[in-house]
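**Student:** Pasting a structure here, questions to come.
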Protein chains: 2
Amino acid sequence: MSSSEPPPAPSAGAAAAAEEVAADLSAATLSKKQQKKDARKAEKAEKAAQRQQQQQPAEADDPFASNYGDVPVEEIQSKTISGRSWTKIGDLDDSAAGRSVLIRGATQAIRPVSKKMAFVVLRQSMSTVQCVLVASADACVSTQMVRFATALSKESIVDVEGVVSLPKEPLKATTQQAGEKLVRVGQDTRLNYRAIDLRTPANQAIFRIQCQVENKFREFLLSKDFVGIHTPKLISGSSEGGAAVFKLLYNGQPACLAQSPQLYKQMAICGGYERVFEVGPVFRAENSNTHRHLCEFVGLDAEMEIKEHYFEVCDVIDGLFVSIFKHLTENCKKELETINRQYPFEPLKYLEKTLKLTYEEGIQMLKTYIDNLSNRQEAGTEIEPMGDLNTEAEKKLGRLVKEKYGTDFFILYRYPLAVRPFYTMPCYDNPAYTNSFDVFIRGEEIISGAQRIHTPELLTKRATECGIDVSTISAYIDSFSYGAPPHGGFGVGLERVVMLFCALNNIRKTSMFPRDPQRLVP
Amino acid sequence: MSSSEPPPAPSAGAAAAAEEVAADLSAATLSKKQQKKDARKAEKAEKAAQRQQQQQPAEADDPFASNYGDVPVEEIQSKTISGRSWTKIGDLDDSAAGRSVLIRGATQAIRPVSKKMAFVVLRQSMSTVQCVLVASADACVSTQMVRFATALSKESIVDVEGVVSLPKEPLKATTQQAGEKLVRVGQDTRLNYRAIDLRTPANQAIFRIQCQVENKFREFLLSKDFVGIHTPKLISGSSEGGAAVFKLLYNGQPACLAQSPQLYKQMAICGGYERVFEVGPVFRAENSNTHRHLCEFVGLDAEMEIKEHYFEVCDVIDGLFVSIFKHLTENCKKELETINRQYPFEPLKYLEKTLKLTYEEGIQMLKTYIDNLSNRQEAGTEIEPMGDLNTEAEKKLGRLVKEKYGTDFFILYRYPLAVRPFYTMPCYDNPAYTNSFDVFIRGEEIISGAQRIHTPELLTKRATECGIDVSTISAYIDSFSYGAPPHGGFGVGLERVVMLFCALNNIRKTSMFPRDPQRLVP
């Protein structure tokens, strides 16, 4: 967007100083093909040799030799506090024109034009700038300095001092997708080299969006008198029963990793904390190799006393997510545009007041749809009124709801008892249903929530009916024996919210270092 | 502080409705002595029987029977949305006088005065209110209703509708320490019954303070362009080497729990994220049975590019903690007073600009102190100039610094190489020292930080010198091979900050569900 020229006068310190680095971000480095790798290695070695060769004479007979070069080792060991001030590349705008600035960035592209001229594109986070070097005595730039710059490895960290000048036409090379055009890299390769992959503009944007979702989640709940808590991840029993639990030894004692903070956030409610939330890792040892499951993800959990009705929980979710969506749309335009350039998506449609449908209404919509198909085979899915919806049915329902109500975001409530955990409060008017709900974005579930049973008697009864050995959860049941208020809550997967808000096709794109059944590194 | 009277007129719903609960918060319930327990059980059973007996006739011949009673089961199953509004007990102040309010709370104390009169103290979070029941036809309160109230179990969850009246003199019974006076309960017993223990005013305050520390940590760093990230807790190698690591099997593969997000936050920096922070659990399988160690705690971690000097990191810590301390002092007065009532402490002394001392200066202060002692045995500690300070020496140094500089909070920097991890950047002028620091509150370490080595060559050299098998950390070292900026960071233990700010004597007081070598439940 802006371009900078070499400094008009020598300055304290190096005008263009580069630390030694050894690689670049191109397809070849990331590709698995050994042949390409070897070719590249040879090329690199040659370049390095060339650089060394070039530098030696440069230092000998270049009057401007002090304006460039490798940073001395002690300078990267906190030797100096110069008081110089660095400008962020992202802050270079029209108002910076004509000013001399000092910037630090990674060399994303290096383009020699002639012996006397070169372009170097520097990148810092989501922003890039083109630096123009022209050898001239007036500018105190030598041809040796141009040679030094063109011999830099890509992805070198470089300090540049220069005068900002605005280009007459926007520079295509410094729009953020520049790097993307060069490469097509598979997801596994990207994840294997995540420290490099994170430098792409889309990835710079995705995890900034993720941070904003979490911030807004906290900010909204804090404004509603929730207290942020932390509960243990090392626990003695499985938090929700079931087999999908990581087991380990804790000082010789069998232990496991919490599959959710369920019990603990309920204990905090029993402990007088009215409304609590937690942001923390959730561990699931499931062998689910899908686009939407992870073995470790970030759970956004909340639990609250309810005065009369679990719709009070739904109301919190309504206000919370509408405020998150608005915040992203209004305050993260640059990030969303950046993601859109690499992974185009339709903006999320949502209503000011979130739509709530009963599970029965949802089932009816799916049935009507199937009945109206000329060829019922097309439906491809069986709808069980008292069973759970499978992923495909959920997707279909999402499309039907969007057609009818114009929203990608809705709450489906009053699920059958049979498909919810034992601690879910049954409906007062029909014990085959529960005071529970799921919340969907673009036809995929992101939230599960419910009113919980808060009387030990009913909890014991329901656990027994579900075939759970009550003695294994006696501590959990006991915690409701000392006076427990009616309460409910919900859990959200942070990675899923970001994935579905941006309509990304894989949850591994929204986890910085994803863990799935196959992946434990890096 | 305020008291409320029974409703002047009948209202929709129950005026004083209690759910069945079965226990109380008194010493006897929490004590381990079986004898007391049994006595209590018998008393309870009797009370329950009495209650049942009382209620039957009440319903028969009481014209005001609809004004009280147990909540019907379906009402706690989300049957009704009445639109009634509940007032928080903490919001009852002078301006509420004369108003009719509906409140929900736990019965902290029940005091029968006569057949016609009783007091019930209700508690909600950190606040209590005294409810006065006087039987009178005008107030639609019967003697049966008074009997019902006095027969309630302590810690029952109760809805009360009444008119607020201000007492002429402050009521001692409704100050927050009321409950505390009754009980002296050992820490283990408290932790065993944490869901009840959390209801004490001090515990209500402690975890609200903890939440505020975290909020301010995030808020300050976000304002300085840090991005909040989440890194995996399930990892393939140990994050910092050493034996204190929890091991487990991950889909058949050996794995462990992260001892810190060190490697991952550095990878985020290498990934172009300039400044990052993380709040998340940290796992240490150490067999440390001290007042300041936990096997699982909440780590507040930050990592940032540095332009020239690691003091840039110290400056962030300075601004961050001074803003946290100020925020707590100015905005959490009620919480701090509440903690102070149970655990009296001196307010933390800190300077506007945080004091920085070199490790050598610290050693010198300790040596001078020891030399000046008439009896050197009193010193009780040997000072090794190039070794680490033990807990006792740190405490002493804290006292000396406070005497000389008037602060409980300071940074000690330039630690010897021998006592810091291999990835710590050595000093440019003396490789026996490092660009590292610890931060102390009241003579105890709460933060460790440093500039990190960001060149693969030096990292390999230092790892080898420290006897580490470089092949086991090749992925870590490799991540600096693709262009890495100079960077540094620090890690803080959230529980330690709260413990030391409030001068509490045990870290188990500031962990909601602490994990130590002996404790895995609840």
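Letters A, B, ... go to the chains of the structure tokens in the order shown; residues in each chain start at 1; ligands are counted from 1 in the same order.
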Region 142-353 of chain B: which residues are strand (DSSP E or B) by DSSP, as number ranges by chain?

**Tutor:** B: 157-165, 227-228, 234-235, 247-250, 253-257, 275-283, 296-305

**Student:** Considering only C-alpha atoms, return as a VMD selection string whatever protein or nucleic-acid residues lie within 12 Å of Ser223 (chain A), sequence-local ones (same chain, fewer than 3 positions apart) excluded.

**Tutor:** chain A and resid 216 to 220 226 to 228 275 to 276 316 319 to 320

**Student:** Quick one: which residues from chain B are at most 7 Å off chain A, using only C-alpha atoms, as a ChimeraX atom specification?

**Tutor:** /B:21-24,74,76-81,124-125,155-157,195-196,198-199,208,211,227-229,231-232,235-236,247-248,251,267-268,270-273,280,308-310,425,427-428,479,481-486,512-513,517,520-521

**Student:** What is the CA of Lys461 (chain A)-CA of Phe422 (chain A) distance in Å, reported with one decimal?

**Tutor:**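 For CA of Lys461 (chain A) relative to CA of Phe422 (chain A), the distance reads 9.1 Å.
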
**Student:** Determine which residues of region 322-489 of chain A DSSP labels as alpha helix (DSSP H) from the backbone of this structure, then write them out as a ChimeraX atom specification.

**Tutor:** /A:322-331,333-342,359-372,391-405,456-465,474-478
